[in-house]
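Student: The structure file final-v5.txt (compact mmCIF, C-alpha atoms and all ligand atoms) is provided below.
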```
# COMPACT_ATOMS: atom_id res chain seq x y z
CA LEU Z 175 0.00 0.00 0.00
CA ILE Z 176 2.74 2.45 0.99
CA GLN Z 177 4.68 1.93 -2.24
CA GLU Z 178 1.50 2.31 -4.25
CA LEU Z 179 0.78 5.65 -2.52
CA VAL Z 180 4.34 6.87 -3.07
CA ASP Z 181 4.15 6.00 -6.78
CA LEU Z 182 0.76 7.64 -7.28
CA ASP Z 183 1.92 10.71 -5.35
CA LYS Z 184 4.94 11.08 -7.64
CA LYS Z 185 2.90 10.67 -10.77
CA HIS Z 186 -0.21 12.70 -10.06
CA PHE Z 187 0.12 15.03 -7.07
CA ILE Z 188 1.88 18.36 -7.60
CA HIS Z 189 2.70 19.43 -4.06
CA PRO Z 190 2.27 23.08 -3.12
CA THR Z 191 5.48 24.96 -2.30
CA SER Z 192 7.61 21.87 -2.88
CA PRO Z 193 11.00 20.80 -4.20
CA ILE Z 194 9.41 19.23 -7.28
CA LYS Z 195 12.55 17.38 -8.41
CA GLN Z 196 13.22 15.96 -4.94
CA GLN Z 197 9.61 14.78 -4.74
CA GLN Z 198 10.18 12.86 -7.99
CA GLU Z 199 13.47 11.35 -6.87
CA GLN Z 200 12.67 10.52 -3.27
CA GLY Z 201 8.88 10.40 -3.14
CA ALA Z 202 6.73 11.79 -0.36
CA ALA Z 203 8.74 11.96 2.87
CA LEU Z 204 5.75 11.47 5.14
CA ILE Z 205 2.24 10.33 4.34
CA PHE Z 206 0.02 11.17 7.29
CA THR Z 207 -3.02 9.18 8.21
CA GLU Z 208 -4.19 10.45 11.56
CA GLY Z 209 -3.93 13.34 13.99
CA LYS Z 210 -4.65 13.59 17.68
CA GLY Z 211 -3.89 16.58 19.88
CA VAL Z 212 -0.40 17.86 19.11
CA TYR Z 213 0.48 14.57 17.38
CA LEU Z 214 0.43 13.40 13.77
CA TYR Z 215 0.73 9.73 12.75
CA ASP Z 216 1.98 8.44 9.39
CA VAL Z 217 1.37 5.34 7.28
CA ASN Z 218 4.11 3.49 9.16
CA GLY Z 219 2.46 4.21 12.49
CA ASP Z 220 5.22 6.65 13.49
CA CYS Z 221 4.22 9.53 15.72
CA PHE Z 222 5.34 13.18 15.46
CA ILE Z 223 4.80 16.32 17.49
CA ASP Z 224 3.36 18.76 14.98
CA ALA Z 225 5.45 21.69 16.21
CA MET Z 226 4.22 23.84 13.29
CA SER Z 227 0.49 23.21 13.80
CA SER Z 228 0.92 21.96 10.21
CA LEU Z 229 1.01 25.42 8.50
CA TRP Z 230 0.68 27.60 11.64
CA ASN Z 231 -3.01 26.88 11.55
CA VAL Z 232 -4.22 23.84 13.50
CA ASN Z 233 -4.63 25.98 16.63
CA VAL Z 234 -6.97 23.65 18.54
CA GLY Z 235 -4.93 20.56 17.66
CA HIS Z 236 -5.76 17.53 15.57
CA GLY Z 237 -8.61 15.05 15.79
CA ARG Z 238 -11.31 17.28 17.29
CA LYS Z 239 -14.51 15.29 17.07
CA GLU Z 240 -16.55 18.42 17.93
CA LEU Z 241 -15.42 20.05 14.71
CA GLY Z 242 -16.24 16.94 12.71
CA LYS Z 243 -19.69 16.93 14.26
CA ALA Z 244 -20.24 20.67 13.62
CA ALA Z 245 -19.34 20.11 9.96
CA MET Z 246 -21.50 17.01 9.65
CA ASP Z 247 -24.53 18.61 11.30
CA GLN Z 248 -24.31 21.65 9.06
CA MET Z 249 -23.68 19.56 5.94
CA ASN Z 250 -26.66 17.41 6.66
CA LYS Z 251 -28.83 20.51 7.07
CA LEU Z 252 -27.41 22.89 4.46
CA ALA Z 253 -23.85 22.34 3.25
CA PHE Z 254 -23.67 25.43 1.11
CA ASN Z 255 -25.70 28.24 -0.36
CA SER Z 256 -24.74 31.30 -2.34
CA CYS Z 257 -24.22 34.41 -0.25
CA PHE Z 258 -24.06 36.61 -3.35
CA SER Z 259 -26.38 39.57 -3.46
CA THR Z 260 -28.85 39.43 -0.58
CA PHE Z 261 -28.72 35.67 0.18
CA SER Z 262 -27.36 34.57 3.52
CA ASN Z 263 -27.17 31.72 6.05
CA GLU Z 264 -27.10 31.46 9.83
CA PRO Z 265 -23.49 30.23 10.39
CA ALA Z 266 -22.04 33.07 8.25
CA ILE Z 267 -24.21 35.64 10.04
CA ARG Z 268 -23.32 34.32 13.50
CA LEU Z 269 -19.61 34.02 12.70
CA SER Z 270 -19.44 37.59 11.37
CA ALA Z 271 -21.13 38.79 14.56
CA LYS Z 272 -18.73 36.75 16.71
CA LEU Z 273 -15.74 38.19 14.83
CA ALA Z 274 -17.01 41.72 15.49
CA GLN Z 275 -17.13 40.84 19.18
CA ILE Z 276 -13.60 39.42 19.41
CA ALA Z 277 -11.76 41.71 16.96
CA PRO Z 278 -10.03 44.87 18.20
CA PRO Z 279 -12.55 47.63 18.95
CA GLY Z 280 -13.98 49.40 15.92
CA LEU Z 281 -13.64 46.43 13.54
CA SER Z 282 -17.16 45.30 12.87
CA ALA Z 283 -17.94 43.79 9.46
CA THR Z 284 -16.53 40.71 7.74
CA PHE Z 285 -16.12 39.72 4.10
CA PHE Z 286 -15.45 35.96 3.93
CA THR Z 287 -12.94 34.12 1.75
CA SER Z 288 -11.49 30.60 1.77
CA GLY Z 289 -7.92 31.42 2.83
CA GLY Z 290 -5.21 33.94 3.47
CA SER Z 291 -4.20 34.74 -0.11
CA GLU Z 292 -7.80 35.47 -1.07
CA SER Z 293 -8.11 37.60 2.06
CA ASN Z 294 -5.11 39.70 1.09
CA ASP Z 295 -6.27 40.17 -2.49
CA THR Z 296 -9.71 41.09 -1.18
CA ALA Z 297 -8.24 43.67 1.18
CA TYR Z 298 -6.17 45.29 -1.57
CA LYS Z 299 -9.13 45.43 -3.95
CA LEU Z 300 -11.59 46.73 -1.39
CA VAL Z 301 -9.32 49.50 -0.10
CA ARG Z 302 -8.74 50.64 -3.68
CA HIS Z 303 -12.48 50.54 -4.34
CA TYR Z 304 -12.97 52.55 -1.13
CA TRP Z 305 -10.68 55.32 -2.42
CA ILE Z 306 -12.53 55.36 -5.74
CA LEU Z 307 -15.78 55.88 -3.85
CA LYS Z 308 -14.13 58.59 -1.74
CA GLY Z 309 -13.28 60.48 -4.94
CA LYS Z 310 -9.54 59.76 -4.68
CA PRO Z 311 -8.92 57.15 -7.39
CA SER Z 312 -5.22 57.97 -7.55
CA LYS Z 313 -4.77 56.36 -4.14
CA LYS Z 314 -3.99 52.85 -5.35
CA LYS Z 315 -0.45 51.86 -4.31
CA ILE Z 316 -0.05 49.21 -1.64
CA ILE Z 317 3.04 49.30 0.56
CA SER Z 318 4.28 46.20 2.38
CA ARG Z 319 7.54 45.11 4.04
CA THR Z 320 10.67 43.38 2.83
CA LYS Z 321 10.45 40.14 4.85
CA SER Z 322 6.68 39.83 4.55
CA TYR Z 323 4.63 36.91 3.26
CA HIS Z 324 1.06 37.56 2.20
CA GLY Z 325 0.24 34.52 0.05
CA VAL Z 326 0.35 33.43 -3.56
CA ALA Z 327 -2.64 35.00 -5.31
CA MET Z 328 -1.56 37.73 -7.73
CA GLY Z 329 -1.98 40.65 -5.34
CA ALA Z 330 -0.68 38.68 -2.38
CA THR Z 331 2.41 37.56 -4.32
CA SER Z 332 3.06 41.13 -5.40
CA ALA Z 333 2.74 42.35 -1.81
CA THR Z 334 4.98 39.59 -0.46
CA GLY Z 335 8.37 41.04 0.41
CA LEU Z 336 10.34 37.78 0.28
CA LYS Z 337 11.93 38.06 -3.13
CA PRO Z 338 11.96 34.38 -4.20
CA PHE Z 339 8.15 34.33 -4.17
CA ARG Z 340 8.01 37.36 -6.46
CA ASP Z 341 10.78 36.05 -8.71
CA PHE Z 342 8.87 32.80 -9.19
CA THR Z 343 6.70 34.51 -11.78
CA ASN Z 344 7.77 36.97 -14.45
CA SER Z 345 4.94 39.47 -14.22
CA LEU Z 346 3.52 40.92 -11.04
CA ALA Z 347 0.55 43.12 -10.28
CA PRO Z 348 1.39 46.83 -10.59
CA ASP Z 349 1.37 49.39 -7.77
CA PHE Z 350 3.02 47.32 -5.03
CA TYR Z 351 5.95 48.82 -3.12
CA HIS Z 352 8.17 47.44 -0.34
CA VAL Z 353 9.83 49.17 2.58
CA ASP Z 354 12.55 48.13 4.98
CA ASN Z 355 11.18 45.74 7.53
CA PHE Z 356 10.92 47.58 10.84
CA SER Z 357 11.70 51.16 9.94
CA SER Z 358 8.75 53.51 10.32
CA GLN Z 359 11.10 56.22 9.01
CA ALA Z 360 11.55 54.26 5.77
CA LEU Z 361 7.76 54.08 5.45
CA ARG Z 362 7.49 57.84 5.91
CA GLU Z 363 10.22 58.46 3.33
CA LEU Z 364 8.58 56.20 0.74
CA ILE Z 365 5.21 57.89 1.25
CA GLU Z 366 6.81 61.31 0.85
CA ALA Z 367 8.72 60.20 -2.24
CA GLU Z 368 5.69 58.67 -3.97
CA GLY Z 369 3.15 61.21 -2.70
CA SER Z 370 0.46 60.21 -0.25
CA HIS Z 371 -2.19 60.98 -2.89
CA THR Z 372 -0.98 57.82 -4.71
CA ILE Z 373 -1.05 55.43 -1.75
CA ALA Z 374 -4.05 53.36 -0.72
CA ALA Z 375 -2.76 51.26 2.16
CA PHE Z 376 0.11 49.84 4.14
CA VAL Z 377 -0.05 46.14 5.02
CA ALA Z 378 1.95 44.28 7.68
CA GLU Z 379 1.93 41.05 9.63
CA PRO Z 380 1.96 41.85 13.39
CA VAL Z 381 4.60 39.12 13.74
CA GLN Z 382 6.20 38.04 10.47
CA GLY Z 383 5.75 34.32 10.13
CA ALA Z 384 7.09 32.78 6.93
CA GLY Z 385 9.80 35.46 6.86
CA GLY Z 386 11.33 33.86 9.98
CA VAL Z 387 9.20 34.92 13.02
CA HIS Z 388 10.35 38.53 13.24
CA ILE Z 389 8.83 40.51 16.07
CA ALA Z 390 8.44 44.26 15.64
CA PRO Z 391 10.08 46.68 18.09
CA GLU Z 392 7.70 47.96 20.75
CA ASN Z 393 6.85 51.34 19.19
CA TYR Z 394 6.90 50.33 15.56
CA PHE Z 395 3.18 49.82 15.00
CA LYS Z 396 2.22 52.93 17.01
CA GLU Z 397 4.46 54.97 14.71
CA VAL Z 398 3.02 53.21 11.65
CA ARG Z 399 -0.52 53.98 12.81
CA GLU Z 400 0.36 57.64 13.29
CA ILE Z 401 1.99 57.86 9.86
CA CYS Z 402 -1.05 56.23 8.23
CA ASN Z 403 -3.34 58.72 10.00
CA GLU Z 404 -1.16 61.65 9.04
CA PHE Z 405 -1.10 60.73 5.34
CA GLU Z 406 -4.66 59.36 5.05
CA ILE Z 407 -3.44 55.85 4.28
CA LEU Z 408 -5.34 52.76 5.40
CA PHE Z 409 -3.55 50.36 7.71
CA ILE Z 410 -4.14 46.66 6.99
CA THR Z 411 -2.85 43.98 9.35
CA ASP Z 412 -2.36 40.51 7.97
CA GLU Z 413 -3.38 38.35 10.94
CA VAL Z 414 -3.48 35.14 8.89
CA ILE Z 415 -0.98 33.50 11.25
CA THR Z 416 -1.19 35.77 14.29
CA GLY Z 417 -4.97 35.61 14.70
CA PHE Z 418 -7.03 33.39 16.97
CA GLY Z 419 -4.71 33.18 19.94
CA ARG Z 420 -1.43 32.26 18.27
CA THR Z 421 0.60 35.00 19.99
CA GLY Z 422 -1.10 34.82 23.40
CA LYS Z 423 -3.69 37.46 22.52
CA TYR Z 424 -6.71 37.08 20.26
CA PHE Z 425 -4.95 39.06 17.52
CA GLY Z 426 -1.26 39.88 17.24
CA ILE Z 427 -1.75 43.62 16.79
CA GLU Z 428 -3.23 43.80 20.33
CA HIS Z 429 0.34 43.55 21.67
CA TYR Z 430 0.99 46.97 20.19
CA GLY Z 431 -2.10 48.84 21.39
CA VAL Z 432 -3.23 50.05 17.98
CA THR Z 433 -6.18 49.20 15.76
CA PRO Z 434 -5.95 48.66 12.02
CA ASP Z 435 -8.59 49.78 9.51
CA VAL Z 436 -8.73 46.35 7.91
CA MET Z 437 -7.66 42.98 9.26
CA CYS Z 438 -6.98 39.87 7.12
CA PHE Z 439 -7.52 36.47 8.73
CA ALA Z 440 -7.61 32.75 7.77
CA LYS Z 441 -5.83 29.66 9.18
CA GLY Z 442 -6.67 29.65 12.92
CA VAL Z 443 -10.26 30.81 12.37
CA SER Z 444 -11.13 27.20 11.51
CA SER Z 445 -7.90 25.56 12.70
CA GLY Z 446 -7.63 24.22 9.15
CA TYR Z 447 -10.55 21.80 9.55
CA LEU Z 448 -12.12 23.51 6.54
CA PRO Z 449 -10.73 26.30 4.36
CA LEU Z 450 -11.90 29.66 5.66
CA GLY Z 451 -10.65 33.23 5.80
CA GLY Z 452 -11.79 36.80 5.42
CA ILE Z 453 -11.21 40.44 6.14
CA ILE Z 454 -12.75 42.52 8.90
CA LEU Z 455 -13.40 46.18 8.12
CA SER Z 456 -13.65 49.03 10.57
CA GLU Z 457 -17.16 50.30 11.16
CA LYS Z 458 -16.18 53.60 9.56
CA ILE Z 459 -15.01 52.03 6.30
CA HIS Z 460 -18.01 49.76 6.25
CA GLN Z 461 -20.37 52.72 6.73
CA ASP Z 462 -18.55 54.75 4.06
CA LEU Z 463 -18.85 51.85 1.61
CA ILE Z 464 -22.58 51.65 2.29
CA GLU Z 465 -23.14 55.39 1.99
CA LEU Z 466 -20.98 56.02 -1.06
CA SER Z 467 -21.70 52.88 -3.05
CA THR Z 468 -23.93 53.37 -6.06
CA GLY Z 469 -23.85 49.90 -7.58
CA THR Z 470 -22.86 46.34 -6.84
CA LEU Z 471 -19.87 45.35 -4.70
CA LEU Z 472 -18.27 43.44 -7.58
CA HIS Z 473 -16.06 41.18 -5.54
CA GLY Z 474 -17.08 37.77 -4.23
CA TYR Z 475 -15.93 34.17 -4.21
CA THR Z 476 -18.32 31.29 -4.72
CA TYR Z 477 -17.38 30.14 -1.24
CA SER Z 478 -17.63 33.52 0.54
CA GLY Z 479 -19.79 32.78 3.58
CA HIS Z 480 -19.64 28.99 3.10
CA ALA Z 481 -22.17 27.64 5.59
CA THR Z 482 -20.23 24.54 6.64
CA ALA Z 483 -16.87 26.32 6.87
CA CYS Z 484 -18.47 29.06 8.97
CA ALA Z 485 -20.16 26.51 11.27
CA VAL Z 486 -16.73 24.93 11.84
CA GLY Z 487 -15.24 28.39 12.43
CA LEU Z 488 -17.85 29.14 15.09
CA LYS Z 489 -17.27 25.85 16.89
CA ASN Z 490 -13.49 26.32 16.65
CA ILE Z 491 -13.72 29.75 18.32
CA GLU Z 492 -15.97 28.23 21.00
CA ILE Z 493 -13.24 25.67 21.73
CA ILE Z 494 -10.54 28.37 21.87
CA GLU Z 495 -12.63 30.27 24.42
CA ASN Z 496 -13.95 27.35 26.48
CA GLU Z 497 -10.51 25.81 26.87
CA ASN Z 498 -8.76 29.10 27.58
CA LEU Z 499 -6.34 28.43 24.74
CA ILE Z 500 -5.21 32.03 24.32
CA GLU Z 501 -3.95 32.11 27.90
CA ASN Z 502 -2.39 28.68 27.37
CA ALA Z 503 -0.59 30.03 24.30
CA ARG Z 504 0.80 32.89 26.39
CA VAL Z 505 1.98 30.64 29.24
CA MET Z 506 3.27 27.81 27.05
CA GLY Z 507 4.89 30.40 24.80
CA GLN Z 508 7.00 31.44 27.76
CA GLU Z 509 7.87 27.79 28.42
CA MET Z 510 8.88 27.38 24.78
CA LEU Z 511 11.08 30.47 24.93
CA THR Z 512 12.68 29.23 28.16
CA GLY Z 513 13.36 25.95 26.34
CA PHE Z 514 14.97 27.82 23.44
CA GLN Z 515 17.18 29.70 25.90
CA TRP Z 516 18.19 26.40 27.47
CA LEU Z 517 19.16 25.11 24.01
CA GLN Z 518 21.13 28.29 23.45
CA ASN Z 519 23.03 27.80 26.72
CA ASN Z 520 23.75 24.13 26.08
CA LEU Z 521 24.59 24.00 22.40
CA GLY Z 522 27.30 25.71 20.40
CA ILE Z 523 25.36 26.65 17.24
CA VAL Z 524 22.18 28.24 18.62
CA GLY Z 525 22.20 31.99 18.11
CA ASP Z 526 19.35 34.43 18.67
CA VAL Z 527 16.13 32.88 19.97
CA ARG Z 528 12.79 34.66 20.07
CA GLY Z 529 9.08 34.11 20.46
CA LEU Z 530 5.72 35.69 21.08
CA GLY Z 531 3.12 33.30 22.41
CA LEU Z 532 3.37 30.08 20.45
CA MET Z 533 5.30 31.55 17.52
CA GLY Z 534 9.01 31.07 17.97
CA ALA Z 535 12.37 30.94 16.20
CA ILE Z 536 15.90 29.68 16.74
CA GLU Z 537 18.76 31.05 14.66
CA ILE Z 538 21.58 28.68 13.75
CA VAL Z 539 25.02 30.32 13.86
CA LYS Z 540 28.67 29.46 13.47
CA ASP Z 541 29.64 31.88 16.21
CA GLN Z 542 27.35 32.61 19.16
CA VAL Z 543 29.14 35.87 19.95
CA THR Z 544 29.27 37.48 16.52
CA GLN Z 545 26.15 35.61 15.23
CA GLU Z 546 28.13 34.77 12.08
CA ARG Z 547 26.31 32.21 9.96
CA PHE Z 548 27.50 29.01 8.31
CA GLU Z 549 28.24 29.31 4.63
CA SER Z 550 25.47 26.92 3.75
CA PRO Z 551 22.49 26.81 6.13
CA LEU Z 552 22.19 23.94 8.61
CA SER Z 553 18.59 24.41 9.64
CA PRO Z 554 17.23 22.19 6.81
CA LEU Z 555 19.48 19.36 8.08
CA ILE Z 556 18.23 19.88 11.62
CA VAL Z 557 14.63 19.69 10.39
CA VAL Z 558 15.39 16.24 8.93
CA GLU Z 559 17.04 15.08 12.18
CA ALA Z 560 14.08 16.39 14.22
CA ALA Z 561 11.59 14.57 11.98
CA LYS Z 562 13.55 11.30 12.43
CA ARG Z 563 13.14 11.73 16.18
CA GLY Z 564 9.49 12.78 16.05
CA VAL Z 565 9.26 16.59 15.83
CA ILE Z 566 8.04 18.43 12.76
CA CYS Z 567 9.37 21.96 12.45
CA ARG Z 568 10.43 24.19 9.60
CA ALA Z 569 13.62 25.79 8.27
CA ILE Z 570 13.67 29.34 6.90
CA VAL Z 571 16.60 30.12 4.63
CA PHE Z 572 15.29 33.16 2.70
CA ASP Z 573 17.37 36.33 2.86
CA ASN Z 574 20.49 34.46 4.04
CA GLN Z 575 18.67 33.29 7.14
CA ASP Z 576 19.35 29.99 8.86
CA THR Z 577 16.37 29.77 11.16
CA LEU Z 578 14.15 27.11 12.67
CA VAL Z 579 10.57 28.19 13.26
CA PHE Z 580 7.90 26.76 15.53
CA ALA Z 581 4.18 27.21 16.05
CA PRO Z 582 2.77 24.26 17.99
CA PRO Z 583 -0.98 23.86 18.60
CA LEU Z 584 -2.32 26.12 21.34
CA ILE Z 585 -3.30 23.07 23.39
CA ILE Z 586 0.31 22.02 23.96
CA ASP Z 587 1.29 21.30 27.57
CA LYS Z 588 4.53 21.56 29.52
CA THR Z 589 5.44 17.88 29.16
CA GLU Z 590 5.02 18.07 25.39
CA ILE Z 591 7.17 21.22 25.23
CA GLU Z 592 9.87 19.44 27.26
CA LYS Z 593 9.72 16.46 24.89
CA MET Z 594 10.03 18.83 21.95
CA MET Z 595 13.10 20.52 23.50
CA SER Z 596 14.78 17.22 24.25
CA ILE Z 597 14.35 16.10 20.62
CA LEU Z 598 15.55 19.47 19.37
CA TYR Z 599 18.61 19.21 21.60
CA ASP Z 600 19.55 15.80 20.15
CA SER Z 601 18.86 16.93 16.59
CA ILE Z 602 20.86 20.15 16.80
CA LEU Z 603 23.72 18.36 18.63
CA THR Z 604 23.92 15.73 15.88
CA ILE Z 605 24.37 18.41 13.22
CA GLU Z 606 26.73 20.42 15.44
CA LYS Z 607 28.97 17.35 15.84
CA GLN Z 608 28.86 16.60 12.10
CA GLN Z 609 29.90 20.17 11.50
CA GLU Z 610 32.86 19.89 13.89
CA LYS Z 611 34.11 16.89 11.91
CA THR Z 612 34.11 18.73 8.58
N1 LIG Z 701 -0.68 35.88 4.98
C1 LIG Z 701 0.16 35.32 5.87
C2 LIG Z 701 0.74 36.17 6.95
C3 LIG Z 701 0.47 33.96 5.79
O1 LIG Z 701 1.34 33.43 6.64
C4 LIG Z 701 -0.12 33.19 4.78
C5 LIG Z 701 0.16 31.74 4.66
O2 LIG Z 701 1.04 31.21 5.28
C6 LIG Z 701 -0.97 33.82 3.87
C7 LIG Z 701 -1.25 35.15 4.01
C8 LIG Z 701 -1.60 33.04 2.74
O3 LIG Z 701 -2.59 32.21 3.22
P1 LIG Z 701 -3.11 30.96 2.36
O4 LIG Z 701 -1.97 30.04 2.22
O5 LIG Z 701 -4.25 30.43 3.19
O6 LIG Z 701 -3.59 31.50 1.06
```
Could you write out this structure as structure tokens?

Tutor:
Amino acid sequence: LIQELVDLDKKHFIHPTSPIKQQQEQGAALIFTEGKGVYLYDVNGDCFIDAMSSLWNVNVGHGRKELGKAAMDQMNKLAFNSCFSTFSNEPAIRLSAKLAQIAPPGLSATFFTSGGSESNDTAYKLVRHYWILKGKPSKKKIISRTKSYHGVAMGATSATGLKPFRDFTNSLAPDFYHVDNFSSQALRELIEAEGSHTIAAFVAEPVQGAGGVHIAPENYFKEVREICNEFEILFITDEVITGFGRTGKYFGIEHYGVTPDVMCFAKGVSSGYLPLGGIILSEKIHQDLIELSTGTLLHGYTYSGHATACAVGLKNIEIIENENLIENARVMGQEMLTGFQWLQNNLGIVGDVRGLGLMGAIEIVKDQVTQERFESPLSPLIVVEAAKRGVICRAIVFDNQDTLVFAPPLIIDKTEIEKMMSILYDSILTIEKQQEKT
């Protein structure tokens, strides 16, 4: 059976974001069959701590029967209906109301999508439409940051700061600009150079995920908010990873005490049990859209407001709240960071470590004092060693980085974190020793 699956996988399944040649030569590395809590199981019966919550998204952990039941109940009643025009359904209505309740104050109305890339493209299109309605059609440029990741739809790819994603294709959407990662001064300078009358919005992840878990300095987002106010530019936060408790608060931007005009979400809203995402607009923008609109809001996906996905989203948020998972993310996040510091103190190649809630990173360095890196990154080798021992994590090598990133499910407990650290210790030590020999 396993060989048959490997052969079929090679022949017919184009994996997303994958080393396509390696997949052909080596076949699928892991074929998963089951998930329970923080654990994944594969076809061989081997067990792994899913220290990435798969793709930063399985916030409530694997194997939640309640979510299966919520989906089944809704499917058996009404799996799907169009929400175009004036049609609606109860799960989408109730989820949009719930999101208004939990989002930062002032954010009140949701447009649903099926994932983060669609959410970003929706945000860029709607803010541009907003400026058209406001009589300022020249405001159309979108500014984002150099280490950002916003997805792979055309707008989202163009906004993504990580160059390899943009270089993957040979024609991008126009009117996207990038500024230095954490410099509010650079943002101001770009706005002044381009003219604020040409700029629609600035978009940022509260904590950069795919770029290597980069946490903004304390005042950065306050300064960004002030600059956006000063120049009449909308501020969009991409909470696709940082939403729904990941950082120890409901939404990542809450750490910085500011409120965006538009917030993109996906992933943790349904913990990946069904595809779901969206954007939440401030009440002011929503009201302006209503007042100024003269025709149809010509933007909508077939699955916007999908009844079953929204029913799962509602149940998922209920679990997050009933089980106090946001507080658990905060407390276990501190445990994880303490563990990283322990690795740093006990291994020779662990450099900077950082984390916010259950989003964390370990830098791999040649020299712990100067933080000098190895010529070729070691983190991908460590990921392989960790997987052999039962931990799934991820290596980030963009931009000359050599970083391991982590985002375990928000249900993780102290014993599981300790197990994760012990496996990481053995895995990093193995590569450290190999390195000493060469
Ligand atoms: N925005 C951020 C911050 C993300 O991390 C991601 C995915 O990792 C996306 C957008 C794209 O989301 P999706 O893969 O659901 O389209």

Student: Quote the spacing between CA of Gly529 (chain Z) and CA of Pro391 (chain Z) in Å to one decimal place.

Tutor: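 Between CA of Gly529 (chain Z) and CA of Pro391 (chain Z) the gap works out to 12.8 Å.
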
Student: When you look at Thr411 (chain Z) with a cut-off of 8 Å (counting all atoms listed in the file), what residues show up, excluding the ones that are within fewer than 3 positions of it in the same chain? I need them as a list in words.

Tutor: Val377, Ala378, Glu379, Pro380, Ile427, Pro434, Val436, Met437 and Cys438 of chain Z

Student: Skipping near chain neighbours, those fewer than 6 positions away, what residues fall within 10 Å of region 363-366 of chain Z using all atoms listed in the file, listed as a VMD selection string?

Tutor: chain Z and resid 315 317 351 to 354 357 372 to 373 376 401 to 402 405 407

Student: Could you report the residues within 8 Å of ligand LIG 701 (chain Z), using all atoms listed in the file, as a PyMOL selection string?

Tutor: chain Z and resi 229-230+288-294+322-327+330+379+382-384+412-416+438-441+449+451

Student: If we count all atoms listed in the file and set the cut-off at 6 Å, which residues sit around Asn233 (chain Z), ignoring sequence neighbours fewer than 3 positions away in its own chain? Please answer as an MDAnalysis selection string.

Tutor: chainID Z and resid 442 445 583:584

Student: May I have the residues within 10 Å of Tyr447 (chain Z) as a list of chain:residue names, using all atoms listed in the file and disregarding those fewer than 3 positions away in the same chain?

Tutor: Z:Asn231, Z:Val232, Z:Val234, Z:Gly235, Z:His236, Z:Gly237, Z:Arg238, Z:Leu241, Z:Gly242, Z:Ala245, Z:Lys441, Z:Gly442, Z:Val443, Z:Ser444, Z:Leu450, Z:Ala483, Z:Val486, Z:Gly487, Z:Asn490

Student: List as a PDB file with C-alpha atoms, keeping the file's coordinate frame the protein and nucleic acid residues near Leu598 (chain Z), meaning an atom at most 10 Å away when all atoms listed in the file are counted, but skip any in the same chain fewer than 6 places from it.

Tutor:
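This went into selection.pdb:
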```pdb
ATOM      1  CA  GLY Z 513      13.360  25.950  26.340  1.00  0.00           C
ATOM      2  CA  PHE Z 514      14.970  27.820  23.440  1.00  0.00           C
ATOM      3  CA  LEU Z 517      19.160  25.110  24.010  1.00  0.00           C
ATOM      4  CA  ILE Z 556      18.230  19.880  11.620  1.00  0.00           C
ATOM      5  CA  VAL Z 557      14.630  19.690  10.390  1.00  0.00           C
ATOM      6  CA  GLU Z 559      17.040  15.080  12.180  1.00  0.00           C
ATOM      7  CA  ALA Z 560      14.080  16.390  14.220  1.00  0.00           C
ATOM      8  CA  ALA Z 561      11.590  14.570  11.980  1.00  0.00           C
ATOM      9  CA  ARG Z 563      13.140  11.730  16.180  1.00  0.00           C
ATOM     10  CA  GLY Z 564       9.490  12.780  16.050  1.00  0.00           C
ATOM     11  CA  VAL Z 565       9.260  16.590  15.830  1.00  0.00           C
ATOM     12  CA  CYS Z 567       9.370  21.960  12.450  1.00  0.00           C
ATOM     13  CA  GLU Z 592       9.870  19.440  27.260  1.00  0.00           C
ATOM     14  CA  THR Z 604      23.920  15.730  15.880  1.00  0.00           C
TER      15      THR Z 604
END
```

Student: Quick one: pull the distance between CA of Gly201 (chain Z) and CA of Lys184 (chain Z), Å, one decimal.

Tutor: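 Between these atoms lies a distance of 6.0 Å.
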
Student: Missing atoms in region 368-375 of chain Z: fill them in up to N, CA and C atoms and send the result as a PDB file, in the coordinates of the input.

Tutor:
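Saved to out-v7.pdb:
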```pdb
ATOM      1  N   GLU Z 368       6.720  59.034  -2.975  1.00  0.00           N
ATOM      2  CA  GLU Z 368       5.690  58.670  -3.970  1.00  0.00           C
ATOM      3  C   GLU Z 368       4.518  59.654  -3.970  1.00  0.00           C
ATOM      4  N   GLY Z 369       4.308  60.317  -2.850  1.00  0.00           N
ATOM      5  CA  GLY Z 369       3.150  61.210  -2.700  1.00  0.00           C
ATOM      6  C   GLY Z 369       1.990  60.456  -2.074  1.00  0.00           C
ATOM      7  N   SER Z 370       1.507  60.964  -0.958  1.00  0.00           N
ATOM      8  CA  SER Z 370       0.460  60.210  -0.250  1.00  0.00           C
ATOM      9  C   SER Z 370      -0.825  60.106  -1.067  1.00  0.00           C
ATOM     10  N   HIS Z 371      -0.984  61.036  -2.052  1.00  0.00           N
ATOM     11  CA  HIS Z 371      -2.190  60.980  -2.890  1.00  0.00           C
ATOM     12  C   HIS Z 371      -2.179  59.760  -3.815  1.00  0.00           C
ATOM     13  N   THR Z 372      -1.037  59.015  -3.841  1.00  0.00           N
ATOM     14  CA  THR Z 372      -0.980  57.820  -4.710  1.00  0.00           C
ATOM     15  C   THR Z 372      -1.096  56.523  -3.893  1.00  0.00           C
ATOM     16  N   ILE Z 373      -1.158  56.641  -2.573  1.00  0.00           N
ATOM     17  CA  ILE Z 373      -1.050  55.430  -1.750  1.00  0.00           C
ATOM     18  C   ILE Z 373      -2.369  55.068  -1.071  1.00  0.00           C
ATOM     19  N   ALA Z 374      -2.788  53.829  -1.283  1.00  0.00           N
ATOM     20  CA  ALA Z 374      -4.050  53.360  -0.720  1.00  0.00           C
ATOM     21  C   ALA Z 374      -3.877  52.813   0.691  1.00  0.00           C
ATOM     22  N   ALA Z 375      -2.850  51.983   0.876  1.00  0.00           N
ATOM     23  CA  ALA Z 375      -2.760  51.260   2.160  1.00  0.00           C
ATOM     24  C   ALA Z 375      -1.358  50.750   2.425  1.00  0.00           C
TER      25      ALA Z 375
END
```
